[in-house]
Amino acid sequence: MPAGSMDDLLIRGGHLIDGGGGPGRDADVAVRAGRIAAVEPRSARPAHRVIDARGQVVAPGFIDIHTHSDFTLPLNPRAESKIRQGVTLEVAGNCGFSVAPALPGKAAMLREYLASSATWLPFHETTFTDYAAGFPPTSVNVILQVGHNTLRLMTAGLENRPLTPDELAAMERLLEEALAGGAWGLSSGLFTAPGNFADAAEIHALARVLRRRHAAYSTHVRDEADRGFEAVREAIAVAETTGVHVQIAHLKLSGVDNWGGAARLLGEIAAARHRGLPVDCDAYPYDTATNPLRNLLPRWVMENGIPAMLERLGRRDVRTRIRDDVARNGLTNFGRIPSWDVVRVAISPHLPENAGRTLGDIARSRGVDAIDAVADYIVADRGETRILITSMADADVHEITGAPWVTVGSDGNALATSGVTGQGKPHPRYYGTHARILGPCVRDLGLLTLEQAIGKMTGAAARALGLADRGVLRAGAWADVAVFDPARIGDRSTYADPHRYAVGVSTVVVNGQVVVDGGDHTGALPGRVLRRGA
Ligand SMILES: [Zn+2]
């Protein structure tokens, strides 16, 4: 250290858990110019600011490896619901959905397609390069991915057919442009249109582009219910065939017929990893999923676009066909459910008074059958309804959450309790995922140790992403740090009352700047879009 110079920050007196999964130790963390300058016991380094971390845990900032915060960060750059849990990096653009590229004349179509997810976001025509370059400063760091659904929408709309060679070439060019312009990789959402119209060959062709560009692939697999094992094998085959890193998103077993399969499903992924394949997965610690309501219906319902779907859903013969399909196969993506009382309206842009009501309740109060109630609802809400569906077994969620090698993704957006993103009744995971693991899952349920929990949200996530200088507390790494009280940390967001911040996190540092100070947001926006090789 040059004589007379001072560090920016010294986080002193805390119990350091460095993200490697090993035991903690008492040590101080010195920060200078955005990076960690030193990690040493009882440091005497002078600093402009000393933060007292006595009685608290000091950890690398948490990595939320699977989010949709690209839908909300431009509206909520302070990333309140995430940063207050100690999240310092959000990986966005998941499940095949990205808001760029939006080719000339196609921004309105993309807005309509994403309205049940990106409800309040304005859409503009843009290349991916311009989108990434214009992404606003935020409190968290951000990784952006380009979505396969978006690319297919730009190329072939919502048509249910294989791409022509020219269309595939056009899609490869759009992917190349996105990767050159700042996309970390490609995400797919093969569970819904138009991603589900793509076969394995289309995905492998795009994965070969990723391989050439040293980029990665993440996937919401083709099915998370009755054909979930097949779908996970399809994802593993992408790694096996192309060598590209594959991130399997929000691992789960939906539908009562699939409950109890978590150990076997984890075993398949672990076996692939043991064979040396670059495969990771992530999960959130809740038994309830959230999705557009329309995605519960058979996939053919969405063919040729949202207006076509809305027209179709009004027809009696279509409803009969839906009723037969659901009776035979269960719900698309979610399998068989005990009743429509496990499906609850979360966000309903055109019928906001229904947030919190179940579809079972809505059907009973109208004296109609559930499929009529669902079809009518989708039409009345213009296809934009978002629901919560309790479709998983606790035992499976606990098994997956307890695996130290499974990384953590909220699958949620950065929200705030006030302002435009504070509307409706979104999934509590948007506010509570990481705090819930560190609090209830570690402390109350004993699913894993605190060191393992921190390891899976930091070091393991950084390895999965190929980030060498984050997710770890050591000299030279970026200074992304979370300081929290291990006896107090926890989620407060519930299904009935979701807009509540987690508690127990006192200090959060992003790129060396203090964003949460004494539990309050400082307003600092030091986060940036991370780029490969930058
Ligand atoms: Zn997803």
# chains A, B, ... in the order shown; residues from 1 in each chain; ligands from 1
>>> residues_around(residues="stretch 98-108 of chain A", least_positions_apart="6", cutoff="10 Å", atoms="only C-alpha atoms", output="ChimeraX atom specification")
/A:68,70-71,92,114,118,121-132,144-151,153-155,157,174-175,177-178,186-187
>>> residues_around(residues="A:Glu384", least_positions_apart="3", cutoff="8 Å", atoms="only C-alpha atoms", output="list in words")
Ala115, Ser116, Ser117, Thr119, Pro292, Leu293, Ser348, Pro349, Ile378 and Asp381 of chain A
>>> write_last_selection(atoms="all heavy atoms", output="tab-separated table (two decimals), in the first residue's frame")
chain	number	residue	atom	x	y	z
A	115	ALA	N	-46.49	-9.34	-22.35
A	115	ALA	CA	-47.28	-8.47	-21.45
A	115	ALA	C	-47.62	-9.14	-20.12
A	115	ALA	O	-47.74	-8.47	-19.10
A	115	ALA	CB	-48.55	-8.01	-22.15
A	116	SER	N	-47.76	-10.48	-20.10
A	116	SER	CA	-48.11	-11.14	-18.85
A	116	SER	C	-46.88	-11.31	-17.95
A	116	SER	O	-46.99	-11.80	-16.83
A	116	SER	CB	-48.75	-12.49	-19.13
A	116	SER	OG	-47.90	-13.28	-19.92
A	117	SER	N	-45.72	-10.93	-18.43
A	117	SER	CA	-44.49	-11.00	-17.62
A	117	SER	C	-43.89	-9.61	-17.42
A	117	SER	O	-43.53	-9.24	-16.30
A	117	SER	CB	-43.45	-11.89	-18.31
A	117	SER	OG	-43.98	-13.18	-18.55
A	119	THR	N	-45.19	-6.55	-17.51
A	119	THR	CA	-46.48	-5.86	-17.58
A	119	THR	C	-46.35	-4.35	-17.79
A	119	THR	O	-47.13	-3.76	-18.52
A	119	THR	CB	-47.27	-6.14	-16.28
A	119	THR	OG1	-47.23	-7.55	-16.03
A	119	THR	CG2	-48.72	-5.69	-16.42
A	292	PRO	N	-47.80	-17.16	-16.78
A	292	PRO	CA	-49.02	-16.67	-17.41
A	292	PRO	C	-50.11	-17.75	-17.35
A	292	PRO	O	-49.83	-18.93	-17.57
A	292	PRO	CB	-48.60	-16.41	-18.85
A	292	PRO	CG	-47.12	-16.18	-18.77
A	292	PRO	CD	-46.64	-17.08	-17.67
A	293	LEU	N	-51.34	-17.35	-17.06
A	293	LEU	CA	-52.44	-18.31	-16.97
A	293	LEU	C	-52.59	-19.12	-18.25
A	293	LEU	O	-52.86	-20.32	-18.23
A	293	LEU	CB	-53.75	-17.56	-16.65
A	293	LEU	CG	-55.05	-18.36	-16.61
A	293	LEU	CD1	-54.97	-19.51	-15.61
A	293	LEU	CD2	-56.23	-17.45	-16.25
A	348	SER	N	-53.18	-9.14	-12.66
A	348	SER	CA	-54.25	-9.17	-13.63
A	348	SER	C	-54.44	-7.74	-14.12
A	348	SER	O	-55.20	-6.97	-13.54
A	348	SER	CB	-55.52	-9.69	-12.92
A	348	SER	OG	-56.55	-9.94	-13.83
A	349	PRO	N	-53.73	-7.36	-15.20
A	349	PRO	CA	-53.67	-5.94	-15.57
A	349	PRO	C	-55.05	-5.32	-15.80
A	349	PRO	O	-55.26	-4.15	-15.45
A	349	PRO	CB	-52.84	-5.93	-16.85
A	349	PRO	CG	-52.05	-7.19	-16.80
A	349	PRO	CD	-52.87	-8.19	-16.05
A	378	ILE	N	-59.09	-15.41	-19.30
A	378	ILE	CA	-57.99	-15.06	-20.21
A	378	ILE	C	-58.49	-14.05	-21.25
A	378	ILE	O	-57.81	-13.06	-21.55
A	378	ILE	CB	-57.43	-16.32	-20.89
A	378	ILE	CG1	-56.71	-17.19	-19.84
A	378	ILE	CG2	-56.49	-15.96	-22.03
A	378	ILE	CD1	-56.28	-18.55	-20.36
A	381	ASP	N	-59.01	-10.61	-19.65
A	381	ASP	CA	-57.75	-9.97	-19.24
A	381	ASP	C	-56.75	-9.92	-20.41
A	381	ASP	O	-55.56	-9.70	-20.21
A	381	ASP	CB	-57.14	-10.75	-18.06
A	381	ASP	CG	-56.29	-9.85	-17.16
A	381	ASP	OD1	-56.46	-8.62	-17.21
A	381	ASP	OD2	-55.46	-10.40	-16.41
>>> residues_around(residues="A:Leu351", least_positions_apart="5", cutoff="9 Å", atoms="only C-alpha atoms", output="ChimeraX atom specification")
/A:377,380-381,385
>>> write_last_selection(atoms="N, CA and C atoms", output="PDB file, in the first residue's frame")
ATOM      1  N   TYR A 377     -61.687 -15.837 -18.331  1.00  0.00           N
ATOM      2  CA  TYR A 377     -60.771 -14.935 -17.635  1.00  0.00           C
ATOM      3  C   TYR A 377     -59.651 -14.459 -18.562  1.00  0.00           C
ATOM      4  N   ALA A 380     -61.047 -11.934 -20.957  1.00  0.00           N
ATOM      5  CA  ALA A 380     -61.350 -10.646 -20.323  1.00  0.00           C
ATOM      6  C   ALA A 380     -60.080  -9.878 -19.959  1.00  0.00           C
ATOM      7  N   ASP A 381     -59.011 -10.607 -19.647  1.00  0.00           N
ATOM      8  CA  ASP A 381     -57.746  -9.974 -19.241  1.00  0.00           C
ATOM      9  C   ASP A 381     -56.753  -9.916 -20.411  1.00  0.00           C
ATOM     10  N   THR A 385     -52.984 -12.269 -17.875  1.00  0.00           N
ATOM     11  CA  THR A 385     -53.052 -12.699 -16.472  1.00  0.00           C
ATOM     12  C   THR A 385     -51.836 -13.521 -16.067  1.00  0.00           C
TER      13      THR A 385
END
>>> residues_near_ligand(ligand="ligand 1", cutoff="9 Å", atoms="only C-alpha atoms and all ligand atoms", output="MDAnalysis selection string")
chainID A and resid 66:68 94:97 188:189 191 219:221 249:250 291 411
>>> atom_distance(atom1="atom CA of A:Ala346", atom2="atom CA of A:Arg429")
12.7 Å
>>> closest_atom_pairs(of="stretch 362-472 of chain A", to="stretch 18-38 of chain A", cutoff="10 Å", atoms="only C-alpha atoms", output="JSON lines")
{"residue": "A:Pro404", "atom": "CA", "partner": "A:Gly21", "partner_atom": "CA", "distance": 8.4}
{"residue": "A:Trp405", "atom": "CA", "partner": "A:Gly21", "partner_atom": "CA", "distance": 9.8}
{"residue": "A:Thr449", "atom": "CA", "partner": "A:Gly21", "partner_atom": "CA", "distance": 9.3}
{"residue": "A:Leu450", "atom": "CA", "partner": "A:Gly21", "partner_atom": "CA", "distance": 8.9}
{"residue": "A:Glu451", "atom": "CA", "partner": "A:Gly21", "partner_atom": "CA", "distance": 5.2}
{"residue": "A:Gln452", "atom": "CA", "partner": "A:Gly21", "partner_atom": "CA", "distance": 5.1}
{"residue": "A:Ala453", "atom": "CA", "partner": "A:Gly21", "partner_atom": "CA", "distance": 7.9}
{"residue": "A:Ile454", "atom": "CA", "partner": "A:Gly19", "partner_atom": "CA", "distance": 5.8}
{"residue": "A:Gly455", "atom": "CA", "partner": "A:Gly21", "partner_atom": "CA", "distance": 4.4}
{"residue": "A:Lys456", "atom": "CA", "partner": "A:Gly21", "partner_atom": "CA", "distance": 7.6}
{"residue": "A:Met457", "atom": "CA", "partner": "A:Gly19", "partner_atom": "CA", "distance": 7.9}
{"residue": "A:Thr458", "atom": "CA", "partner": "A:Gly19", "partner_atom": "CA", "distance": 5.4}
{"residue": "A:Gly459", "atom": "CA", "partner": "A:Gly19", "partner_atom": "CA", "distance": 4.8}
{"residue": "A:Ala460", "atom": "CA", "partner": "A:Gly20", "partner_atom": "CA", "distance": 7.8}
{"residue": "A:Ala461", "atom": "CA", "partner": "A:Gly19", "partner_atom": "CA", "distance": 9.7}
{"residue": "A:Ala462", "atom": "CA", "partner": "A:Gly19", "partner_atom": "CA", "distance": 9.6}
{"residue": "A:Asp469", "atom": "CA", "partner": "A:Arg35", "partner_atom": "CA", "distance": 9.4}
{"residue": "A:Arg470", "atom": "CA", "partner": "A:Gly19", "partner_atom": "CA", "distance": 9.7}
{"residue": "A:Gly471", "atom": "CA", "partner": "A:Gly19", "partner_atom": "CA", "distance": 6.3}
{"residue": "A:Val472", "atom": "CA", "partner": "A:Gly19", "partner_atom": "CA", "distance": 5.2}
>>> select_by_dssp(residues="stretch 389-507 of chain A", states="helix (DSSP H, G or I)", output="number ranges by chain")
A: 394-401, 420-422, 429-444, 450-457, 459-465
